[in-house]
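Have a look at protein-v1.cif; it's mmCIF, C-alpha atoms and all ligand atoms:
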data_target
#
loop_
_atom_site.label_atom_id
_atom_site.label_comp_id
_atom_site.auth_asym_id
_atom_site.auth_seq_id
_atom_site.Cartn_x
_atom_site.Cartn_y
_atom_site.Cartn_z
CA MET I 1246 56.32 19.28 -29.66
CA GLU I 1247 54.53 16.30 -28.12
CA ALA I 1248 56.49 13.45 -26.51
CA ILE I 1249 57.73 10.55 -28.62
CA ASN I 1250 55.40 7.56 -28.72
CA TYR I 1251 57.44 4.37 -28.22
CA GLN I 1252 56.27 1.18 -29.88
CA VAL I 1253 59.42 -0.76 -29.25
CA LYS I 1254 59.52 -4.41 -30.15
CA GLU I 1255 61.26 -6.96 -27.99
CA ARG I 1256 64.25 -8.52 -29.70
CA ASN I 1257 64.01 -12.28 -29.35
CA GLU I 1258 66.91 -13.25 -31.52
CA GLU I 1259 70.47 -12.15 -31.28
CA ILE I 1260 71.51 -9.75 -34.02
CA LYS I 1261 73.78 -11.54 -36.47
CA LEU I 1262 75.43 -9.17 -38.89
CA PRO I 1263 76.87 -10.67 -42.07
CA GLU I 1264 80.65 -10.74 -42.53
CA SER I 1265 80.46 -8.24 -45.36
CA LEU I 1266 77.88 -5.50 -44.77
CA GLY I 1267 78.38 -3.45 -47.92
CA PHE I 1268 76.33 -0.27 -48.10
CA GLY I 1269 72.61 0.21 -47.50
CA LYS I 1270 71.57 -3.43 -47.75
CA TYR I 1271 70.65 -4.20 -44.14
CA PHE I 1272 68.32 -2.32 -41.83
CA THR I 1273 67.77 -2.25 -38.07
CA ASP I 1274 64.58 -3.17 -36.19
CA HIS I 1275 63.11 0.30 -35.72
CA VAL I 1276 62.44 3.60 -37.46
CA PHE I 1277 61.39 7.03 -36.31
CA GLU I 1278 58.45 8.62 -38.10
CA MET I 1279 56.52 11.85 -37.72
CA ASP I 1280 53.88 13.60 -39.76
CA TYR I 1281 53.11 17.16 -40.74
CA SER I 1282 49.89 18.88 -41.61
CA LYS I 1283 49.15 22.58 -41.95
CA GLU I 1284 46.73 22.43 -39.03
CA LYS I 1285 48.86 20.43 -36.61
CA GLY I 1286 52.42 21.24 -37.65
CA TRP I 1287 54.76 18.29 -37.01
CA TYR I 1288 52.92 15.71 -34.92
CA ASN I 1289 52.75 12.06 -33.93
CA PRO I 1290 56.49 11.43 -33.40
CA THR I 1291 56.83 7.68 -33.08
CA ILE I 1292 59.57 5.09 -32.81
CA LYS I 1293 58.22 1.84 -34.15
CA PRO I 1294 59.24 -1.45 -35.76
CA LEU I 1295 60.53 -1.12 -39.32
CA ALA I 1296 57.68 -1.82 -41.74
CA ASP I 1297 56.67 -1.01 -45.30
CA ILE I 1298 54.94 2.32 -45.80
CA LEU I 1299 51.67 1.92 -47.63
CA MET I 1300 50.96 4.83 -49.95
CA HIS I 1301 48.37 6.08 -52.38
CA PRO I 1302 49.56 5.96 -56.03
CA ALA I 1303 49.03 9.73 -56.22
CA THR I 1304 51.33 10.45 -53.26
CA MET I 1305 52.84 13.73 -54.31
CA PHE I 1306 56.58 13.19 -54.00
CA ILE I 1307 56.49 10.20 -56.36
CA HIS I 1308 55.23 12.46 -59.12
CA TYR I 1309 56.95 15.78 -58.49
CA GLY I 1310 60.00 14.88 -56.45
CA GLN I 1311 59.37 16.96 -53.36
CA ALA I 1312 61.74 15.09 -51.07
CA ILE I 1313 64.99 15.68 -49.18
CA PHE I 1314 67.39 13.51 -47.23
CA GLU I 1315 70.46 13.43 -45.03
CA GLY I 1316 73.21 10.89 -44.42
CA LEU I 1317 75.26 10.72 -41.23
CA LYS I 1318 76.93 8.04 -39.18
CA ALA I 1319 77.02 6.53 -35.70
CA PHE I 1320 80.19 4.76 -34.56
CA LYS I 1321 81.02 2.31 -31.83
CA THR I 1322 84.09 3.62 -30.07
CA GLU I 1323 86.92 1.65 -28.45
CA ASN I 1324 85.23 1.75 -25.06
CA GLY I 1325 81.83 0.62 -26.36
CA ASP I 1326 80.13 4.03 -26.53
CA VAL I 1327 77.92 4.87 -29.48
CA VAL I 1328 78.63 8.34 -30.90
CA LEU I 1329 77.36 10.48 -33.76
CA PHE I 1330 79.55 12.71 -35.94
CA ARG I 1331 78.27 16.30 -36.24
CA PRO I 1332 74.56 15.35 -36.18
CA ASP I 1333 73.54 18.96 -35.45
CA GLN I 1334 75.12 20.05 -38.75
CA HIS I 1335 73.22 17.40 -40.67
CA ILE I 1336 69.85 18.39 -39.20
CA LYS I 1337 70.59 22.04 -39.87
CA ARG I 1338 71.34 21.15 -43.50
CA LEU I 1339 68.09 19.15 -43.67
CA ASN I 1340 66.25 22.38 -42.86
CA ASN I 1341 68.26 24.32 -45.45
CA SER I 1342 67.34 21.74 -48.09
CA ALA I 1343 63.72 21.86 -46.92
CA LYS I 1344 63.46 25.60 -47.46
CA ARG I 1345 64.52 25.37 -51.13
CA ILE I 1346 61.75 22.99 -52.08
CA CYS I 1347 58.91 24.25 -49.88
CA ILE I 1348 59.10 21.56 -47.22
CA PRO I 1349 58.21 22.83 -43.72
CA ALA I 1350 61.14 23.14 -41.30
CA VAL I 1351 61.56 20.71 -38.44
CA ASP I 1352 62.47 21.55 -34.85
CA GLU I 1353 66.20 20.78 -35.04
CA GLU I 1354 66.68 20.06 -31.34
CA PHE I 1355 63.69 17.77 -31.26
CA VAL I 1356 64.79 15.79 -34.33
CA LEU I 1357 68.30 15.44 -32.89
CA GLU I 1358 66.80 14.07 -29.66
CA ALA I 1359 64.56 11.67 -31.61
CA LEU I 1360 67.50 10.52 -33.71
CA LYS I 1361 69.51 9.75 -30.56
CA GLU I 1362 66.54 7.91 -28.99
CA LEU I 1363 66.23 5.75 -32.12
CA VAL I 1364 69.95 4.98 -32.27
CA ASN I 1365 69.87 4.13 -28.56
CA ILE I 1366 67.06 1.63 -29.09
CA ASP I 1367 68.88 -0.04 -31.97
CA ARG I 1368 72.37 0.45 -30.50
CA ASP I 1369 73.13 -3.27 -30.64
CA TRP I 1370 73.03 -2.91 -34.43
CA VAL I 1371 75.99 -0.54 -34.49
CA PRO I 1372 78.74 -2.74 -35.91
CA SER I 1373 82.09 -2.70 -34.15
CA LYS I 1374 84.66 -3.96 -36.64
CA LYS I 1375 87.22 -1.53 -37.99
CA GLY I 1376 85.70 0.90 -40.46
CA GLU I 1377 82.12 -0.25 -39.92
CA SER I 1378 79.37 2.09 -38.76
CA LEU I 1379 75.65 2.67 -38.55
CA TYR I 1380 74.46 4.85 -41.40
CA VAL I 1381 71.59 7.15 -40.40
CA ARG I 1382 69.25 8.26 -43.16
CA PRO I 1383 66.67 10.93 -42.24
CA PHE I 1384 64.34 11.91 -45.08
CA VAL I 1385 61.20 13.95 -45.65
CA TYR I 1386 58.65 13.73 -48.45
CA GLY I 1387 55.35 15.23 -49.56
CA SER I 1388 52.81 12.62 -48.56
CA ASN I 1389 49.28 13.57 -49.56
CA PRO I 1390 47.64 12.16 -52.71
CA PHE I 1391 47.15 14.88 -55.34
CA LEU I 1392 48.12 15.16 -59.00
CA GLY I 1393 48.14 18.95 -59.20
CA VAL I 1394 51.54 20.62 -59.22
CA SER I 1395 52.01 22.46 -55.94
CA PRO I 1396 53.79 21.93 -52.65
CA ALA I 1397 52.21 19.05 -50.72
CA ASN I 1398 49.82 19.66 -47.82
CA THR I 1399 51.17 16.87 -45.64
CA TYR I 1400 54.67 15.47 -45.12
CA LYS I 1401 56.36 12.55 -43.48
CA LEU I 1402 59.78 12.51 -41.87
CA VAL I 1403 61.41 9.10 -41.44
CA ILE I 1404 64.74 8.15 -39.89
CA LEU I 1405 66.07 4.83 -41.17
CA LEU I 1406 69.17 3.03 -39.86
CA SER I 1407 71.48 0.77 -41.83
CA PRO I 1408 74.63 -0.96 -40.56
CA VAL I 1409 77.32 -0.48 -43.20
CA GLY I 1410 80.72 -1.96 -43.90
CA ALA I 1411 84.14 -0.39 -44.14
CA TYR I 1412 84.47 1.69 -47.28
CA TYR I 1413 88.00 0.42 -47.79
CA PRO I 1414 88.01 -3.22 -46.67
CA GLU I 1415 91.31 -3.76 -48.51
CA GLY I 1416 92.91 -0.51 -47.45
CA PHE I 1417 92.80 2.99 -48.83
CA LYS I 1418 92.38 2.71 -52.60
CA PRO I 1419 92.42 5.60 -55.11
CA VAL I 1420 89.59 5.85 -57.62
CA LYS I 1421 89.34 6.69 -61.33
CA ILE I 1422 87.32 9.79 -62.12
CA LEU I 1423 85.95 11.05 -65.44
CA VAL I 1424 85.41 14.78 -65.89
CA GLN I 1425 81.96 15.08 -67.41
CA ASP I 1426 80.93 17.69 -69.98
CA ASP I 1427 78.22 15.87 -71.90
CA TYR I 1428 75.73 16.31 -69.05
CA VAL I 1429 75.25 18.65 -66.12
CA ARG I 1430 74.21 17.73 -62.58
CA ALA I 1431 73.05 21.11 -61.33
CA VAL I 1432 73.05 24.79 -62.17
CA ARG I 1433 73.40 27.80 -59.92
CA LYS I 1434 70.10 28.92 -58.40
CA GLY I 1435 68.77 25.40 -59.09
CA LEU I 1436 68.82 22.48 -56.65
CA GLY I 1437 72.55 21.75 -56.46
CA GLU I 1438 73.00 22.86 -52.87
CA CYS I 1439 69.91 20.98 -51.75
CA LYS I 1440 70.22 17.32 -50.72
CA THR I 1441 67.33 16.12 -52.84
CA PRO I 1442 66.77 12.99 -54.93
CA ALA I 1443 66.45 15.05 -58.14
CA ASN I 1444 70.21 15.71 -58.16
CA TYR I 1445 70.86 12.00 -58.08
CA ALA I 1446 68.36 11.34 -60.87
CA ALA I 1447 70.22 13.94 -62.96
CA SER I 1448 73.53 12.16 -62.38
CA LEU I 1449 72.68 8.51 -63.06
CA LEU I 1450 73.13 8.32 -66.83
CA ALA I 1451 76.54 9.99 -66.80
CA GLY I 1452 77.55 7.73 -63.93
CA GLU I 1453 76.54 4.60 -65.84
CA LYS I 1454 78.41 5.72 -68.95
CA ALA I 1455 81.52 6.48 -66.90
CA LYS I 1456 81.34 3.00 -65.33
CA GLU I 1457 81.15 1.40 -68.77
CA LYS I 1458 84.45 3.12 -69.54
CA GLY I 1459 86.04 1.81 -66.34
CA PHE I 1460 85.67 4.91 -64.15
CA THR I 1461 84.29 4.86 -60.61
CA GLN I 1462 82.57 8.23 -60.65
CA VAL I 1463 82.08 11.49 -62.50
CA LEU I 1464 83.51 14.92 -61.68
CA TRP I 1465 80.92 17.55 -62.59
CA LEU I 1466 81.69 20.89 -64.14
CA ASP I 1467 79.63 24.04 -63.62
CA GLY I 1468 76.30 23.84 -65.38
CA VAL I 1469 76.59 27.04 -67.40
CA LYS I 1470 80.01 27.19 -69.05
CA GLN I 1471 81.23 23.73 -68.08
CA LYS I 1472 84.56 25.21 -67.23
CA ASN I 1473 84.96 25.19 -63.45
CA ILE I 1474 85.03 21.97 -61.48
CA GLU I 1475 82.24 21.57 -58.95
CA GLU I 1476 81.96 18.23 -57.17
CA VAL I 1477 81.71 14.50 -57.68
CA GLY I 1478 78.00 14.17 -56.92
CA THR I 1479 78.42 12.17 -53.73
CA MET I 1480 81.60 13.93 -52.60
CA ASN I 1481 83.11 17.38 -52.60
CA ILE I 1482 86.51 17.76 -54.23
CA PHE I 1483 89.87 19.15 -53.10
CA ILE I 1484 92.85 19.88 -55.34
CA ASN I 1485 96.18 19.79 -53.51
CA LEU I 1486 98.56 22.20 -55.27
CA LYS I 1487 102.10 23.19 -54.45
CA ASP I 1488 101.16 26.41 -52.63
CA GLU I 1489 97.50 25.91 -51.75
CA VAL I 1490 94.79 23.35 -51.23
CA VAL I 1491 91.83 24.44 -53.35
CA THR I 1492 88.20 23.42 -53.08
CA PRO I 1493 85.52 25.00 -55.29
CA LYS I 1494 83.71 27.74 -53.39
CA LEU I 1495 80.06 27.16 -52.57
CA ASN I 1496 78.21 28.90 -55.38
CA GLY I 1497 74.71 27.48 -55.11
CA SER I 1498 75.15 24.42 -57.30
CA ILE I 1499 77.55 22.58 -54.97
CA LEU I 1500 76.34 20.57 -52.00
CA PRO I 1501 77.80 22.07 -48.82
CA GLY I 1502 79.39 18.91 -47.43
CA ILE I 1503 79.94 18.53 -43.72
CA THR I 1504 83.10 16.49 -44.36
CA ARG I 1505 84.23 19.35 -46.62
CA LYS I 1506 83.71 21.78 -43.75
CA THR I 1507 85.54 19.45 -41.34
CA VAL I 1508 88.50 19.12 -43.73
CA ILE I 1509 88.74 22.90 -44.27
CA GLN I 1510 88.83 23.43 -40.50
CA LEU I 1511 91.52 20.79 -39.97
CA LEU I 1512 93.69 22.13 -42.80
CA LYS I 1513 93.47 25.62 -41.29
CA GLU I 1514 94.49 24.26 -37.90
CA TRP I 1515 97.42 22.51 -39.56
CA ASN I 1516 98.45 25.91 -40.96
CA MET I 1517 97.87 24.88 -44.53
CA ASN I 1518 96.80 27.40 -47.12
CA VAL I 1519 93.28 26.14 -47.88
CA VAL I 1520 91.41 28.30 -50.36
CA GLU I 1521 87.77 28.21 -51.45
CA ARG I 1522 87.71 29.60 -54.99
CA ASP I 1523 86.71 28.84 -58.56
CA ILE I 1524 89.08 26.41 -60.23
CA SER I 1525 88.76 25.41 -63.86
CA VAL I 1526 89.50 22.02 -65.32
CA ASP I 1527 92.02 23.81 -67.58
CA GLU I 1528 93.89 25.06 -64.52
CA VAL I 1529 93.98 21.54 -63.06
CA ILE I 1530 95.45 20.24 -66.33
CA GLN I 1531 97.97 23.08 -66.47
CA LYS I 1532 99.06 22.46 -62.85
CA TYR I 1533 99.37 18.77 -63.66
CA ASP I 1534 101.58 19.49 -66.68
CA SER I 1535 103.79 21.87 -64.71
CA GLY I 1536 104.20 19.38 -61.87
CA GLU I 1537 102.37 21.56 -59.32
CA LEU I 1538 99.47 19.16 -58.81
CA LEU I 1539 100.29 17.03 -55.76
CA GLY I 1540 96.99 15.30 -55.23
CA ILE I 1541 93.21 15.26 -55.58
CA PHE I 1542 90.77 13.88 -53.04
CA GLY I 1543 87.04 13.77 -52.43
CA THR I 1544 85.23 14.23 -49.10
CA GLY I 1545 81.92 12.75 -47.96
CA THR I 1546 80.29 10.96 -45.05
CA ALA I 1547 80.36 7.53 -46.71
CA ALA I 1548 84.12 7.24 -47.34
CA VAL I 1549 85.38 10.31 -45.38
CA ILE I 1550 88.31 10.80 -47.80
CA THR I 1551 88.66 9.27 -51.27
CA SER I 1552 91.93 9.66 -53.13
CA VAL I 1553 91.67 10.29 -56.85
CA GLY I 1554 94.39 8.30 -58.59
CA TRP I 1555 93.35 8.92 -62.18
CA LEU I 1556 91.52 11.88 -63.71
CA SER I 1557 90.46 12.01 -67.35
CA PHE I 1558 89.01 14.86 -69.37
CA LYS I 1559 88.37 14.33 -73.09
CA ASP I 1560 91.65 12.77 -74.30
CA LYS I 1561 93.78 14.01 -71.40
CA ASN I 1562 94.52 11.17 -68.96
CA MET I 1563 96.23 12.20 -65.75
CA VAL I 1564 97.80 9.85 -63.23
CA ILE I 1565 97.73 11.66 -59.90
CA ASN I 1566 100.57 10.98 -57.46
CA GLY I 1567 101.46 7.83 -59.37
CA GLY I 1568 98.00 6.38 -58.65
CA GLU I 1569 98.87 6.21 -54.95
CA PRO I 1570 96.96 7.86 -52.08
CA GLY I 1571 98.44 11.26 -51.24
CA LYS I 1572 100.08 11.83 -47.84
CA LEU I 1573 97.59 14.57 -47.02
CA ASP I 1574 94.64 12.36 -47.95
CA VAL I 1575 95.82 9.63 -45.59
CA LYS I 1576 96.55 12.11 -42.80
CA LEU I 1577 93.05 13.59 -43.05
CA PHE I 1578 91.43 10.16 -43.19
CA ASP I 1579 93.38 8.97 -40.15
CA GLU I 1580 92.63 12.13 -38.16
CA ILE I 1581 88.88 12.18 -38.82
CA THR I 1582 88.35 8.44 -38.33
CA ALA I 1583 90.42 8.50 -35.12
CA ILE I 1584 88.06 11.14 -33.73
CA GLN I 1585 85.00 9.21 -34.92
CA TYR I 1586 86.10 5.93 -33.30
CA GLY I 1587 87.20 7.61 -30.06
CA LEU I 1588 90.91 6.88 -30.61
CA LYS I 1589 91.66 10.57 -30.46
CA GLN I 1590 90.06 13.19 -28.26
CA ASP I 1591 87.46 15.36 -29.93
CA THR I 1592 88.52 18.93 -29.25
CA HIS I 1593 86.06 20.46 -31.73
CA GLY I 1594 82.69 19.39 -30.35
CA TRP I 1595 82.05 17.20 -33.40
CA ILE I 1596 81.16 14.07 -31.47
CA GLN I 1597 77.85 13.58 -29.66
CA LYS I 1598 77.38 10.57 -27.44
CA VAL I 1599 74.18 8.51 -27.59
CA GLU I 1600 73.43 7.96 -23.89
CA LYS I 1601 72.49 4.43 -22.92
CA LYS I 1602 68.89 4.29 -21.71
CA GLU I 1603 66.53 1.44 -21.01
CA VAL I 1604 63.30 1.63 -22.99
CA GLU I 1605 60.13 -0.29 -22.17
CA VAL I 1606 59.14 -2.81 -24.80
CA SER I 1607 55.50 -3.21 -25.78
C1 LIG M 1 75.85 14.34 -49.27
C2 LIG M 1 76.59 14.86 -50.42
C3 LIG M 1 77.96 15.21 -50.37
C4 LIG M 1 78.82 14.98 -49.16
O1 LIG M 1 78.39 15.67 -48.01
P1 LIG M 1 78.83 15.19 -46.56
O2 LIG M 1 78.04 16.07 -45.66
O3 LIG M 1 80.29 15.42 -46.45
O4 LIG M 1 78.47 13.76 -46.44
C5 LIG M 1 78.53 15.79 -51.50
N1 LIG M 1 77.81 15.98 -52.63
C6 LIG M 1 76.52 15.63 -52.73
C7 LIG M 1 75.79 15.90 -53.98
C8 LIG M 1 75.86 15.06 -51.63
O5 LIG M 1 74.58 14.72 -51.75
#

Rewrite the structure of this file - the entire thing - as structure tokens.
Amino acid sequence: MEAINYQVKERNEEIKLPESLGFGKYFTDHVFEMDYSKEKGWYNPTIKPLADILMHPATMFIHYGQAIFEGLKAFKTENGDVVLFRPDQHIKRLNNSAKRICIPAVDEEFVLEALKELVNIDRDWVPSKKGESLYVRPFVYGSNPFLGVSPANTYKLVILLSPVGAYYPEGFKPVKILVQDDYVRAVRKGLGECKTPANYAASLLAGEKAKEKGFTQVLWLDGVKQKNIEEVGTMNIFINLKDEVVTPKLNGSILPGITRKTVIQLLKEWNMNVVERDISVDEVIQKYDSGELLGIFGTGTAAVITSVGWLSFKDKNMVINGGEPGKLDVKLFDEITAIQYGLKQDTHGWIQKVEKKEVEVS
């Protein structure tokens, strides 16, 4: 792989972040981009000022959806370091997603290096208030203009950075979830385990309808029988039962979350009986009725842990743990965020520091 071409812009004004960042509304000064062609492989890796991308109206991904993305975070720790949480896992998953929809693989080590170089250059954008972070969005799309249906000939990889606010500015707050059986998000052997925009397109209508009814998000059932619970669509799901903590096993239609993996590892270390298996919505209801359902929580990069306070399926309305965050949910949230913000030592090799380097401006 050739060396990164730096077109770094001098920053004349001080960065002023708004009081409330929200999610995905603000962007840093620079992006990383690189191109792919069959002849050259991945080439022209460049860090440059953020700018619009001009594209031909026939650009392939717009028409046929050949695109993938990732979402990870950089944190400013207590002592001012900038660190990434499990970036290697995210880039590995990017390549897994790529394979499923005929996108050429990237050199994982090189992309990780490039990602760190970019975050270093825009490190002053990493917000430092409690719960805030820098969201890192790598994505790849088919970029040549052609209206025939086939994999694209050329691709672009972009890494975009967005300072984001605390997910829970008013403290840990349980959400209301609607179990969905009017629509499906993904089916086994389809795209469910691939982080691709198509899965989000499939989920929008059900999400909007759930919001109209006062729910925050939808819990998806398996696409074939609509019997087993799968995931929330932006989060994986865990059911805390009396004798076991259950999360649906990865079956091809569930996105293999990195927070999910982190939580499974922690629960094992805490000697809890964490089980990856099929679990039906009927079983959840039955465990609720028999008093064996202690809690439900979701896992994902954006919020880390989200407590489910209310779960509804058809005319069954369940109040989980009195609508309060479960003890386990809070413990997991505190543990993972303490590691991310450097308040607790990382003994797992999950944290990677972004070394401070001076870069010449052009
Ligand atoms: C990204 C994503 C998740 C969460 O994965 P993390 O790696 O934990 O952030 C869960 N479900 C879907 C559909 C996703 O796209």

Please compute the atom CA of I:Glu1315-atom C2 of ligand LIG 1 (chain M) distance, one decimal, in Å.
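Atom CA of I:Glu1315 sits 8.3 Å away from atom C2 of ligand LIG 1 (chain M).
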
At most 8 Å from ligand LIG 1 (chain M) (all atoms listed in the file): residue list as a PyMOL selection string:
chain I and resi 1315-1317+1335+1437-1441+1444-1445+1476-1481+1499-1506+1544-1547+1549

Using all atoms listed in the file and a cutoff of 12 Å, can you tell me which residues are near (76.5, 8.7, -23.8) in the file's coordinates, and write them out as a PyMOL selection string?
chain I and resi 1321-1322+1324-1329+1361-1362+1364-1365+1368+1596-1602

Within-9 Å shell of (71.5, 31.8, -56.4) in input frame, all atoms listed in the file, as an NGL selection string:
:I and (1433-1435 or 1496-1498)

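The protein and nucleic acid residues lying at most 10 Å from I:Asp1274 are Val1253, Lys1254, Glu1255, Arg1256, Ile1260, Lys1293, Pro1294, Leu1295, Ala1296, Leu1363, Ile1366, Asp1367, Trp1370, Leu1405, Leu1406 and Ser1407 of chain I, with only C-alpha atoms considered and sequence neighbours fewer than 6 positions away removed.
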
From I:Pro1372, I:Glu1247, I:Gly1567, I:Arg1430, residue lying nearest I:Lys1261 [only C-alpha atoms]:
I:Pro1372

Check the smallest atom-to-atom distance from each of I:Phe1578, I:Phe1483, I:Phe1314, I:Tyr1412 to I:Ile1541 using only C-alpha atoms, then report the winner.
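Of the candidates, the smallest distance to I:Ile1541 is held by I:Phe1483.
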
What's the separation between atom CA of I:Phe1306 and atom CA of I:Ser1388, in Å to one decimal place?
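Atom CA of I:Ser1388 lies at a distance of 6.6 Å from atom CA of I:Phe1306.
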
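Using only C-alpha atoms, the nearest neighbour of I:Gly1452 within the list I:Asp1574, I:Ala1343, I:Asp1523, I:Val1424 is I:Val1424.
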
Between atom CA of I:Asp1369 and atom CA of I:Pro1290, what is the distance, to one decimal in Å?
22.4 Å

Pick the closest to I:Val1432 from I:Asp1534, I:Glu1457, I:Asp1467, I:Glu1415: which is it, counting only C-alpha atoms?
I:Asp1467

Given only C-alpha atoms as the basis, pick out the residue of I:Ala1319, I:Val1381, I:Ile1530, I:Ile1550 nearest to I:Val1508.
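Distance minimum relative to I:Val1508 lands on I:Ile1550.
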
Would you kindly return, as a PyMOL selection string, each protein, DNA or RNA residue with an atom no farther than 9 Å from any atom of I:Ile1581, considering all atoms listed in the file and excluding same-chain residues fewer than 4 positions away?
chain I and resi 1507-1508+1549+1576-1577+1585-1586+1589

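Ranking I:Lys1494, I:Lys1572, I:Lys1559, I:Lys1283 by their shortest atom-to-atom distance to I:Leu1423, with all atoms listed in the file included, puts I:Lys1559 first.
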
Missing atoms in stretch 1319-1340 of chain I need filling: write out N, CA and C atoms for it as an mmCIF file, in the coordinates of the input.
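The resulting file, out-v7.cif, is shown below:
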data_model
loop_
_atom_site.group_PDB
_atom_site.id
_atom_site.type_symbol
_atom_site.label_atom_id
_atom_site.label_comp_id
_atom_site.auth_asym_id
_atom_site.auth_seq_id
_atom_site.Cartn_x
_atom_site.Cartn_y
_atom_site.Cartn_z
ATOM 1 N N ALA I 1319 76.746 6.822 -37.105
ATOM 2 C CA ALA I 1319 77.020 6.530 -35.700
ATOM 3 C C ALA I 1319 78.138 5.489 -35.661
ATOM 4 N N PHE I 1320 79.023 5.637 -34.681
ATOM 5 C CA PHE I 1320 80.190 4.760 -34.560
ATOM 6 C C PHE I 1320 80.225 4.122 -33.197
ATOM 7 N N LYS I 1321 80.745 2.905 -33.127
ATOM 8 C CA LYS I 1321 81.020 2.310 -31.830
ATOM 9 C C LYS I 1321 82.482 2.581 -31.513
ATOM 10 N N THR I 1322 82.714 3.239 -30.397
ATOM 11 C CA THR I 1322 84.090 3.620 -30.070
ATOM 12 C C THR I 1322 84.793 2.460 -29.357
ATOM 13 N N GLU I 1323 86.089 2.635 -29.149
ATOM 14 C CA GLU I 1323 86.920 1.650 -28.450
ATOM 15 C C GLU I 1323 86.315 1.175 -27.136
ATOM 16 N N ASN I 1324 85.764 2.135 -26.370
ATOM 17 C CA ASN I 1324 85.230 1.750 -25.060
ATOM 18 C C ASN I 1324 83.750 1.372 -25.070
ATOM 19 N N GLY I 1325 83.198 1.131 -26.267
ATOM 20 C CA GLY I 1325 81.830 0.620 -26.360
ATOM 21 C C GLY I 1325 80.746 1.689 -26.431
ATOM 22 N N ASP I 1326 81.138 2.964 -26.381
ATOM 23 C CA ASP I 1326 80.130 4.030 -26.530
ATOM 24 C C ASP I 1326 79.632 4.071 -27.966
ATOM 25 N N VAL I 1327 78.426 4.609 -28.132
ATOM 26 C CA VAL I 1327 77.920 4.870 -29.480
ATOM 27 C C VAL I 1327 77.891 6.389 -29.646
ATOM 28 N N VAL I 1328 78.543 6.887 -30.690
ATOM 29 C CA VAL I 1328 78.630 8.340 -30.900
ATOM 30 C C VAL I 1328 78.206 8.710 -32.316
ATOM 31 N N LEU I 1329 77.735 9.934 -32.452
ATOM 32 C CA LEU I 1329 77.360 10.480 -33.760
ATOM 33 C C LEU I 1329 78.354 11.553 -34.152
ATOM 34 N N PHE I 1330 78.613 11.678 -35.447
ATOM 35 C CA PHE I 1330 79.550 12.710 -35.940
ATOM 36 C C PHE I 1330 78.756 13.890 -36.502
ATOM 37 N N ARG I 1331 78.858 15.026 -35.835
ATOM 38 C CA ARG I 1331 78.270 16.300 -36.240
ATOM 39 C C ARG I 1331 76.778 16.206 -36.630
ATOM 40 N N PRO I 1332 75.972 15.519 -35.805
ATOM 41 C CA PRO I 1332 74.560 15.350 -36.180
ATOM 42 C C PRO I 1332 73.807 16.676 -36.277
ATOM 43 N N ASP I 1333 74.201 17.649 -35.431
ATOM 44 C CA ASP I 1333 73.540 18.960 -35.450
ATOM 45 C C ASP I 1333 73.681 19.620 -36.824
ATOM 46 N N GLN I 1334 74.871 19.471 -37.432
ATOM 47 C CA GLN I 1334 75.120 20.050 -38.750
ATOM 48 C C GLN I 1334 74.229 19.404 -39.823
ATOM 49 N N HIS I 1335 74.045 18.109 -39.686
ATOM 50 C CA HIS I 1335 73.220 17.400 -40.670
ATOM 51 C C HIS I 1335 71.751 17.823 -40.575
ATOM 52 N N ILE I 1336 71.268 18.018 -39.346
ATOM 53 C CA ILE I 1336 69.850 18.390 -39.200
ATOM 54 C C ILE I 1336 69.641 19.842 -39.647
ATOM 55 N N LYS I 1337 70.654 20.665 -39.394
ATOM 56 C CA LYS I 1337 70.590 22.040 -39.870
ATOM 57 C C LYS I 1337 70.525 22.060 -41.407
ATOM 58 N N ARG I 1338 71.343 21.204 -42.038
ATOM 59 C CA ARG I 1338 71.340 21.150 -43.500
ATOM 60 C C ARG I 1338 70.015 20.600 -44.020
ATOM 61 N N LEU I 1339 69.413 19.672 -43.272
ATOM 62 C CA LEU I 1339 68.090 19.150 -43.670
ATOM 63 C C LEU I 1339 67.108 20.316 -43.782
ATOM 64 N N ASN I 1340 67.146 21.215 -42.813
ATOM 65 C CA ASN I 1340 66.250 22.380 -42.860
ATOM 66 C C ASN I 1340 66.593 23.328 -43.997
#
